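> For reference, the file upload04.cif (mmCIF, C-alpha atoms and all ligand atoms) is included below:
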```
data_model
loop_
_atom_site.label_atom_id
_atom_site.label_comp_id
_atom_site.auth_asym_id
_atom_site.auth_seq_id
_atom_site.Cartn_x
_atom_site.Cartn_y
_atom_site.Cartn_z
CA MET A 255 21.45 11.99 19.89
CA GLU A 256 22.44 10.85 16.43
CA LYS A 257 18.77 10.70 15.49
CA LYS A 258 18.26 14.25 16.69
CA ILE A 259 21.15 15.51 14.59
CA GLU A 260 19.86 13.55 11.62
CA SER A 261 16.37 15.05 11.94
CA LEU A 262 17.84 18.52 12.39
CA GLY A 263 19.79 17.94 9.17
CA GLU A 264 16.59 16.97 7.37
CA LYS A 265 14.76 19.99 8.75
CA GLU A 266 17.59 22.26 7.68
CA GLU A 267 17.47 20.83 4.19
CA GLU A 268 13.71 21.44 4.11
CA LEU A 269 14.27 24.96 5.37
CA SER A 270 16.86 25.81 2.78
CA ASN A 271 14.49 24.56 0.05
CA GLU A 272 11.71 26.61 1.58
CA ILE A 273 13.90 29.71 1.71
CA GLU A 274 14.96 29.25 -1.87
CA GLN A 275 11.31 29.11 -2.96
CA LEU A 276 10.37 32.02 -0.71
CA LEU A 277 13.22 34.16 -2.00
CA ALA A 278 12.17 33.51 -5.56
CA MET A 279 8.76 35.01 -4.77
CA LEU A 280 9.58 37.90 -2.42
CA PRO A 281 9.96 41.46 -3.76
CA LYS A 282 13.62 42.47 -3.96
CA ALA A 283 15.49 45.75 -3.81
CA LYS A 284 19.04 46.95 -3.50
CA ASN A 285 20.07 48.20 -0.10
CA TRP A 286 21.89 51.53 0.15
CA ASN A 287 25.21 49.68 0.28
CA GLY A 288 24.51 47.49 -2.72
CA VAL A 289 23.48 44.22 -1.05
CA GLU A 290 20.18 42.53 -1.85
CA LEU A 291 17.13 43.08 0.34
CA CYS A 292 13.91 41.10 0.24
CA GLN A 293 10.55 42.21 1.56
CA TYR A 294 9.56 39.64 4.14
CA GLN A 295 6.46 39.95 6.33
CA GLY A 296 6.21 43.61 5.30
CA PHE A 297 9.76 44.66 6.20
CA TRP A 298 13.01 44.80 4.27
CA CYS A 299 15.53 42.18 5.30
CA GLN A 300 18.91 41.26 3.79
CA SER A 301 18.26 38.20 1.64
CA LYS A 302 21.38 36.48 2.97
CA TYR A 303 20.05 36.76 6.54
CA LEU A 304 16.54 35.47 5.86
CA CYS A 305 17.59 32.04 7.02
CA GLY A 306 18.72 33.34 10.45
CA MET A 307 15.52 35.32 10.72
CA ILE A 308 13.26 32.34 10.04
CA ARG A 309 15.20 30.03 12.35
CA PHE A 310 14.95 32.68 15.08
CA GLN A 311 11.21 33.01 14.56
CA ARG A 312 10.65 29.26 14.66
CA HIS A 313 13.08 28.04 17.26
CA PHE A 314 13.82 30.75 19.81
CA GLU A 315 12.46 29.89 23.25
CA ALA A 316 12.37 32.97 25.43
CA GLN A 317 12.84 32.60 29.18
CA ASP A 318 11.05 34.82 31.69
CA SER A 319 14.35 36.34 32.81
CA ASP A 320 15.47 37.29 29.28
CA ILE A 321 15.99 40.89 28.25
CA ILE A 322 15.37 41.50 24.56
CA LEU A 323 16.69 44.73 23.12
CA THR A 324 14.82 45.66 19.97
CA THR A 325 15.80 48.66 17.87
CA PHE A 326 15.55 50.23 14.48
CA PRO A 327 19.08 50.32 13.02
CA LYS A 328 21.12 53.43 13.90
CA CYS A 329 18.85 54.46 16.74
CA GLY A 330 21.12 53.68 19.70
CA THR A 331 21.53 49.88 19.69
CA THR A 332 25.22 50.06 20.63
CA TRP A 333 24.49 52.45 23.49
CA LEU A 334 21.62 50.35 24.86
CA LYS A 335 23.64 47.15 24.57
CA ALA A 336 26.32 48.75 26.75
CA LEU A 337 23.81 50.17 29.22
CA ILE A 338 21.70 47.05 29.68
CA PHE A 339 24.77 44.82 29.94
CA THR A 340 26.34 47.10 32.54
CA ILE A 341 23.20 47.57 34.62
CA ALA A 342 22.25 43.89 34.66
CA ASN A 343 25.78 42.66 35.42
CA ARG A 344 26.89 45.29 37.90
CA SER A 345 27.02 42.87 40.82
CA LYS A 346 29.25 40.57 38.74
CA TYR A 347 31.64 43.15 37.34
CA SER A 348 32.81 46.47 38.72
CA LEU A 349 33.28 49.12 36.04
CA LYS A 350 37.04 48.70 36.35
CA ASN A 351 36.65 45.06 35.38
CA SER A 352 33.90 45.50 32.85
CA PRO A 353 34.08 43.16 29.85
CA LEU A 354 33.21 46.28 27.85
CA LEU A 355 36.80 47.39 28.33
CA SER A 356 38.01 44.56 26.14
CA GLN A 357 35.02 43.68 23.96
CA GLY A 358 32.70 45.89 21.94
CA PRO A 359 29.01 46.07 22.93
CA HIS A 360 28.11 44.08 19.81
CA GLU A 361 30.30 41.20 20.92
CA LEU A 362 28.77 41.05 24.36
CA VAL A 363 25.13 41.33 23.33
CA LEU A 364 24.47 39.36 20.18
CA TYR A 365 21.72 39.62 17.61
CA LEU A 366 19.46 36.59 17.79
CA ASP A 367 18.77 36.50 14.06
CA TYR A 368 21.83 38.03 12.40
CA ASP A 369 24.42 36.49 14.75
CA LEU A 370 23.16 33.47 16.66
CA PHE A 371 20.59 31.74 14.45
CA MET A 372 22.49 32.71 11.33
CA ARG A 373 25.59 30.88 12.52
CA ASP A 374 23.84 27.84 13.93
CA PRO A 375 20.38 26.30 13.39
CA LEU A 376 20.08 25.58 17.12
CA PRO A 377 22.57 27.70 19.08
CA ALA A 378 23.26 26.60 22.66
CA LEU A 379 21.37 29.48 24.21
CA GLU A 380 20.68 27.61 27.46
CA ASP A 381 24.36 27.99 28.27
CA PHE A 382 24.22 31.78 28.26
CA PRO A 383 24.64 33.35 31.70
CA LYS A 384 21.46 34.80 33.19
CA PRO A 385 20.00 37.25 32.56
CA ARG A 386 20.37 36.44 28.90
CA ILE A 387 20.50 39.69 26.96
CA PHE A 388 19.83 39.50 23.25
CA ALA A 389 19.19 42.02 20.50
CA THR A 390 17.18 42.11 17.32
CA HIS A 391 15.93 44.65 14.76
CA THR A 392 12.88 42.48 14.02
CA PRO A 393 9.56 44.36 13.94
CA TYR A 394 7.11 43.59 16.76
CA PRO A 395 4.55 41.62 14.68
CA SER A 396 7.34 39.32 13.44
CA LEU A 397 8.84 38.49 16.84
CA PRO A 398 8.56 34.85 17.87
CA ASN A 399 5.51 34.13 20.03
CA SER A 400 7.68 32.95 22.89
CA ILE A 401 9.00 36.51 23.29
CA LYS A 402 5.49 37.94 23.28
CA ASN A 403 3.96 35.30 25.53
CA SER A 404 6.68 34.83 28.16
CA ASN A 405 7.45 37.28 30.93
CA CYS A 406 10.71 38.40 29.34
CA ARG A 407 11.20 42.14 28.97
CA ILE A 408 11.45 44.03 25.69
CA VAL A 409 13.38 47.30 25.59
CA TYR A 410 12.84 49.25 22.38
CA ILE A 411 14.71 52.35 21.26
CA CYS A 412 14.03 54.59 18.28
CA ARG A 413 15.21 58.01 17.19
CA ASN A 414 14.20 61.08 15.26
CA PRO A 415 13.99 59.62 11.71
CA LEU A 416 15.96 62.57 10.28
CA ASP A 417 18.98 61.76 12.45
CA GLN A 418 18.43 58.05 11.90
CA PHE A 419 18.53 58.67 8.15
CA VAL A 420 21.84 60.55 8.25
CA SER A 421 23.41 58.01 10.60
CA HIS A 422 22.26 55.13 8.40
CA TRP A 423 23.41 56.76 5.19
CA LYS A 424 26.88 57.43 6.65
CA PHE A 425 27.03 53.83 7.89
CA MET A 426 25.93 52.36 4.55
CA VAL A 427 28.58 54.33 2.69
CA ARG A 428 31.19 52.75 4.94
CA VAL A 429 29.90 49.19 4.62
CA ARG A 430 29.19 49.29 0.89
CA VAL A 431 29.98 46.39 -1.35
CA ARG A 432 33.65 46.52 -2.32
CA ASN A 433 34.52 48.42 -5.49
CA THR A 434 31.13 50.12 -5.72
CA GLU A 435 30.43 53.84 -5.72
CA PRO A 436 29.02 55.21 -2.45
CA ILE A 437 25.31 55.97 -2.66
CA SER A 438 24.55 59.70 -2.86
CA ILE A 439 22.55 61.31 -0.08
CA ASP A 440 19.79 62.17 -2.58
CA GLU A 441 19.42 58.60 -3.73
CA ALA A 442 19.42 57.22 -0.18
CA PHE A 443 16.94 59.88 0.86
CA GLU A 444 14.54 58.92 -1.91
CA MET A 445 14.63 55.32 -0.71
CA ALA A 446 14.14 56.37 2.91
CA CYS A 447 11.04 58.34 1.92
CA GLN A 448 9.67 55.16 0.34
CA GLY A 449 10.41 53.21 3.49
CA ARG A 450 13.09 51.25 1.70
CA GLN A 451 15.85 50.56 4.18
CA GLU A 452 16.76 47.50 6.19
CA PHE A 453 13.89 46.73 8.62
CA GLY A 454 11.92 49.61 7.18
CA PRO A 455 9.62 51.30 6.81
CA ILE A 456 10.76 52.97 10.01
CA TRP A 457 7.29 54.38 10.72
CA GLU A 458 5.75 50.91 10.73
CA GLN A 459 8.33 49.57 13.16
CA VAL A 460 8.14 52.44 15.63
CA LEU A 461 4.33 52.45 15.56
CA ALA A 462 4.02 48.74 16.30
CA TYR A 463 6.42 48.93 19.27
CA TRP A 464 4.74 52.13 20.44
CA LYS A 465 1.34 50.41 20.45
CA ALA A 466 2.75 47.33 22.18
CA SER A 467 4.28 49.54 24.89
CA LYS A 468 0.92 51.25 25.43
CA GLU A 469 -0.92 47.95 25.64
CA GLU A 470 1.66 46.22 27.85
CA PRO A 471 3.78 48.84 29.61
CA HIS A 472 5.26 46.31 32.05
CA LYS A 473 6.44 44.23 29.09
CA VAL A 474 7.66 46.75 26.49
CA LEU A 475 9.69 49.83 27.41
CA PHE A 476 9.65 52.39 24.60
CA LEU A 477 12.61 54.76 24.56
CA LYS A 478 13.78 57.59 22.32
CA TYR A 479 17.45 58.37 21.72
CA GLU A 480 16.83 62.09 22.25
CA ASP A 481 15.27 61.51 25.68
CA LEU A 482 18.19 59.37 26.75
CA LYS A 483 20.58 62.10 25.68
CA GLU A 484 18.68 64.81 27.48
CA ASN A 485 18.00 63.04 30.74
CA ASN A 486 20.33 60.10 30.86
CA LYS A 487 20.37 59.41 34.60
CA PHE A 488 16.58 59.36 34.77
CA TYR A 489 16.46 56.77 31.98
CA VAL A 490 19.29 54.66 33.40
CA LYS A 491 17.25 54.36 36.59
CA LYS A 492 14.07 53.67 34.65
CA LEU A 493 15.83 51.02 32.57
CA ALA A 494 17.19 49.32 35.69
CA ASP A 495 13.72 49.24 37.27
CA PHE A 496 12.16 47.94 34.10
CA ILE A 497 14.58 45.06 33.53
CA GLY A 498 14.30 44.01 37.16
CA TYR A 499 17.68 45.25 38.41
CA PRO A 500 16.69 48.41 40.34
CA PHE A 501 19.33 50.50 42.07
CA THR A 502 19.28 50.28 45.86
CA GLU A 503 19.12 53.45 47.92
CA ASP A 504 22.76 52.92 48.86
CA GLU A 505 23.78 52.60 45.24
CA GLU A 506 21.93 55.79 44.42
CA LYS A 507 23.62 57.62 47.29
CA GLN A 508 27.01 56.33 46.16
CA GLY A 509 26.40 57.77 42.68
CA LYS A 510 26.18 54.40 40.89
CA ILE A 511 23.67 55.73 38.35
CA GLU A 512 25.96 58.63 37.35
CA GLU A 513 28.93 56.25 37.12
CA ILE A 514 27.12 53.89 34.75
CA SER A 515 25.72 56.77 32.75
CA LYS A 516 29.24 58.20 32.28
CA PHE A 517 30.80 54.83 31.60
CA CYS A 518 28.34 54.12 28.77
CA SER A 519 28.40 57.66 27.38
CA PHE A 520 29.47 58.30 23.82
CA ASP A 521 32.62 60.13 24.97
CA ASN A 522 33.79 57.29 27.16
CA MET A 523 32.76 54.37 24.94
CA SER A 524 34.08 55.85 21.71
CA ASN A 525 37.46 56.55 23.30
CA LEU A 526 38.04 53.05 24.65
CA GLU A 527 40.89 51.34 22.86
CA VAL A 528 38.68 48.36 21.99
CA ASN A 529 36.17 50.62 20.25
CA LYS A 530 38.77 52.80 18.56
CA ASN A 531 40.92 50.04 17.12
CA GLY A 532 39.20 46.74 17.83
CA ALA A 533 37.07 44.76 15.41
CA HIS A 534 33.88 42.74 15.59
CA PRO A 535 34.26 39.00 14.83
CA THR A 536 32.53 39.66 11.49
CA GLY A 537 35.47 41.87 10.57
CA LEU A 538 33.66 45.21 10.95
CA LYS A 539 35.75 47.73 12.85
CA ASN A 540 34.16 48.69 16.15
CA ASP A 541 34.63 52.39 15.48
CA ILE A 542 31.97 52.20 12.79
CA PHE A 543 29.35 52.12 15.54
CA PHE A 544 30.56 55.41 17.01
CA ARG A 545 30.27 58.41 14.71
CA LYS A 546 29.15 61.64 16.40
CA GLY A 547 26.45 60.60 18.86
CA LEU A 548 24.57 63.90 18.51
CA VAL A 549 20.97 65.01 18.35
CA GLY A 550 20.15 67.22 15.36
CA ASP A 551 23.14 66.36 13.15
CA TRP A 552 20.66 66.06 10.25
CA LYS A 553 20.80 69.86 9.97
CA ASN A 554 24.33 69.50 8.62
CA TYR A 555 23.24 67.26 5.78
CA LEU A 556 19.59 67.78 4.81
CA THR A 557 18.20 70.73 2.89
CA THR A 558 15.04 72.40 4.20
CA SER A 559 12.95 70.73 1.55
CA MET A 560 14.37 67.30 2.43
CA SER A 561 13.73 67.70 6.15
CA GLU A 562 10.24 69.01 5.51
CA ARG A 563 9.43 66.16 3.18
CA LEU A 564 10.57 63.36 5.48
CA GLY A 565 9.19 65.18 8.52
CA LYS A 566 5.78 65.38 6.84
CA ILE A 567 5.79 61.70 5.88
CA ILE A 568 6.59 60.72 9.47
CA GLU A 569 3.98 63.09 10.88
CA GLU A 570 1.30 61.67 8.61
CA LYS A 571 2.21 58.07 9.29
CA LEU A 572 2.24 58.57 13.06
CA SER A 573 -0.78 60.85 13.20
CA GLY A 574 -3.33 59.92 15.83
CA SER A 575 -0.93 57.61 17.65
CA GLY A 576 0.30 60.14 20.20
CA LEU A 577 3.90 59.43 19.15
CA THR A 578 5.89 62.42 17.97
CA PHE A 579 9.54 63.36 17.45
CA LYS A 580 10.83 66.78 18.40
CA LYS A 581 12.01 68.97 15.52
CA THR A 582 15.44 69.45 17.08
P1 LIG A 601 25.47 58.88 14.73
O1 LIG A 601 25.77 58.21 13.44
O2 LIG A 601 24.40 59.92 14.61
O3 LIG A 601 26.67 59.41 15.41
P2 LIG A 601 23.31 51.93 16.42
O4 LIG A 601 24.09 51.62 17.62
O5 LIG A 601 21.85 51.60 16.55
O6 LIG A 601 23.93 51.37 15.19
O7 LIG A 601 23.29 53.51 16.26
C1 LIG A 601 24.47 54.19 15.97
C2 LIG A 601 24.30 55.62 16.41
O8 LIG A 601 24.40 55.69 17.84
C3 LIG A 601 25.43 56.48 15.87
O9 LIG A 601 24.87 57.77 15.72
C4 LIG A 601 26.44 56.40 17.01
O10 LIG A 601 27.40 57.43 16.99
C5 LIG A 601 25.51 56.50 18.20
N1 LIG A 601 26.08 55.98 19.44
C6 LIG A 601 26.87 54.89 19.62
N2 LIG A 601 27.20 54.74 20.91
C7 LIG A 601 26.61 55.76 21.58
C8 LIG A 601 26.60 56.18 22.95
N3 LIG A 601 27.26 55.50 23.88
N4 LIG A 601 25.90 57.28 23.27
C9 LIG A 601 25.23 57.98 22.33
N5 LIG A 601 25.20 57.64 21.02
C10 LIG A 601 25.88 56.55 20.65
#
```
Show the structure stored in the file as structure tokens.

Amino acid sequence: MEKKIESLGEKEEELSNEIEQLLAMLPKAKNWNGVELCQYQGFWCQSKYLCGMIRFQRHFEAQDSDIILTTFPKCGTTWLKALIFTIANRSKYSLKNSPLLSQGPHELVLYLDYDLFMRDPLPALEDFPKPRIFATHTPYPSLPNSIKNSNCRIVYICRNPLDQFVSHWKFMVRVRVRNTEPISIDEAFEMACQGRQEFGPIWEQVLAYWKASKEEPHKVLFLKYEDLKENNKFYVKKLADFIGYPFTEDEEKQGKIEEISKFCSFDNMSNLEVNKNGAHPTGLKNDIFFRKGLVGDWKNYLTTSMSERLGKIIEEKLSGSGLTFKKT
């Protein structure tokens, strides 16, 4: 045991040297909130989280029963965390006793890289109750092989990039480095058009998950925020089938799908005391993850020329893939 800890210590020292050297070489940029980003494996990652990312890539051992939620930031992660947790644990907890009544979705479903492997080089993931549900914003090509090669399921959600942009900009203004000026919408927009945002470019991430879902539909479920909004019950059922927790006929007759859909809805979740006034262990207030929850809010912020410009970039980048976003 002591030997193991000793060798882990040595490996960690090697890793921190490696990261230091890597960081010295990687392209850098300022994120919209003022923190440093580095361009790692083609995507922008917060420099301070590179260590958690690399540990996750090297050490995470997926199990066949795992459910991995992958998302582009501000595309519905909080919503999907609540939905997957509730669907997969419904035989353990009735909605009246749901842990979501006292803990935010981000406390119940942790990020593998930013939470777990950042805090601990080898987190005790075997102790997590099954099914283990984890989240990450990591692009598909950079996921650890054990996720790709095991039978675990990947649920991916993205969103119309115009709404994603507005949501992200609003979020970044709130989490900006203390005593700094908030970034203007024009400045953030310019960066978004260059693909410069955390985990961006967005078009590269959505395309890679889109292709993976076409190649392995039983393995990767590709969802869009807008579809979930429009036809929530259909997607709750689809999600339950996909993750291996299908609703029984009796449950359907009893209205279980509607109940879960309502429970995890923006109106219900954003009005829970824990999400109105509670805080995440990192100190972030839970209410930061609940803003408006609307489709098409970009129209309140973007000029016609802005929406046309970003819309055109996205259209060009996705052209030929079959993936489109409605101009709602
Ligand atoms: P808006 O800023 O447009 O309101 P993420 O969870 O990936 O960080 O994404 C945050 C976005 O999802 C925010 O969008 C937030 O309001 C919205 N959201 C959070 N919970 C939701 C829910 N239960 N239903 C619908 N949208 C939700």
> Residues within 12 Å of Thr331 in chain A, please, as a count of residues only. Count all atoms listed in the file; anything in the same chain fewer than 2 positions from it doesn't count.
36
> Between CA of Met560 in chain A and CA of Asn414 in chain A, measure the distance and give it in Å to one decimal.
14.3 Å
> Can you pull out every residue within 12 Å of Ile401 in chain A, counting all atoms listed in the file, but drop anything in the same chain fewer than 3 positions away, and send it as a PyMOL selection string?
chain A and resi 310-324+366+388-390+392+394-398+404-409+473-474
> Have a look at CA of Lys402 in chain A and CA of Trp457 in chain A and let me know their distance in Å, one decimal.
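Rounded to one decimal, the two atoms are 20.8 Å apart.
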> Ranking A:Lys510, A:Lys350, A:His422, A:Arg545 by minimum distance to ligand LIG 601 (chain A) and counting only C-alpha atoms and all ligand atoms, which one comes first?
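The closest residue to ligand LIG 601 (chain A) is A:Arg545.
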> When you look at Met307 in chain A with a cut-off of 8 Å (counting only C-alpha atoms), what residues show up, excluding the ones that are within fewer than 4 positions of it in the same chain? I need them as a PDB file with C-alpha atoms, keeping the file's coordinate frame.

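around33.pdb, freshly written:
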```
ATOM      1  CA  TYR A 303      20.050  36.760   6.540  1.00  0.00           C
ATOM      2  CA  GLN A 311      11.210  33.010  14.560  1.00  0.00           C
ATOM      3  CA  ASP A 367      18.770  36.500  14.060  1.00  0.00           C
ATOM      4  CA  TYR A 368      21.830  38.030  12.400  1.00  0.00           C
ATOM      5  CA  PHE A 371      20.590  31.740  14.450  1.00  0.00           C
ATOM      6  CA  MET A 372      22.490  32.710  11.330  1.00  0.00           C
TER       7      MET A 372
END
```
> Taking only C-alpha atoms into account, name the residue in A:Asn351, A:Pro385, A:Gln357, A:Ala342 that is nearest to Ala494 in chain A.
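The shortest atom-to-atom distance to Ala494 in chain A comes from A:Ala342.
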> Using all atoms listed in the file, pick whichever of A:Pro281, A:Gly306, A:Pro375, A:Gly296 has the shortest atom-to-atom distance to Glu264 in chain A.
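Looking only at the distances to Glu264 in chain A, the closest residue turns out to be A:Pro375.
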> Considering all atoms listed in the file, return as a VMD selection string whatever protein or nucleic-acid residues lie within 8 Å of Ile511 in chain A, sequence-local ones (same chain, fewer than 2 positions apart) excluded.
chain A and resid 487 490 to 491 501 505 to 506 509 513 to 515
> Point out the residue among A:Lys384, A:Lys483, A:Lys424, A:Lys546 with the least atom-to-atom distance to Lys346 in chain A, counting all atoms listed in the file.
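Residue with the minimum atom-to-atom distance to Lys346 in chain A: A:Lys384.
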> Mind giving me the straight-line distance from CA of Ser356 in chain A to CA of Arg344 in chain A in Å, one decimal?
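Between these atoms lies a distance of 16.2 Å.
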> Using only C-alpha atoms, which of A:Arg309, A:Ala533, A:Phe517, A:Gly498 sits nearest Ser352 in chain A?
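Smallest separation from Ser352 in chain A among the options: A:Phe517.
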> Which of these, A:Gln295, A:Gln459, A:Gln300, A:Asn287, has the shortest distance to Thr434 in chain A once you count all atoms listed in the file?
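With all atoms listed in the file as the atom set, the closest residue is A:Asn287.
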> Excluding Gly574 in chain A and residues on its chain fewer than 4 positions from it, collect all residues at most 12 Å away from it, counting all atoms listed in the file, and give them as a list in words.
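The neighbour list is Leu461, Lys465, Ile568, Glu569, Glu570 and Thr578 of chain A.
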> Counting all atoms listed in the file, which residues come within 12 Å of (30.0, 54.8, 5.0), with the point read in the file's coordinates, and could you list them as a list in words?
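In the file's frame, the residues around the point are Trp286, Asn287, Gly288, Val420, Ser421, His422, Trp423, Lys424, Phe425, Met426, Val427, Arg428, Val429, Arg430, Val431, Arg432, Thr434, Glu435, Pro436, Ile437, Ser438, Ile439, Leu538, Asp541, Ile542, Phe543 and Arg545 of chain A.
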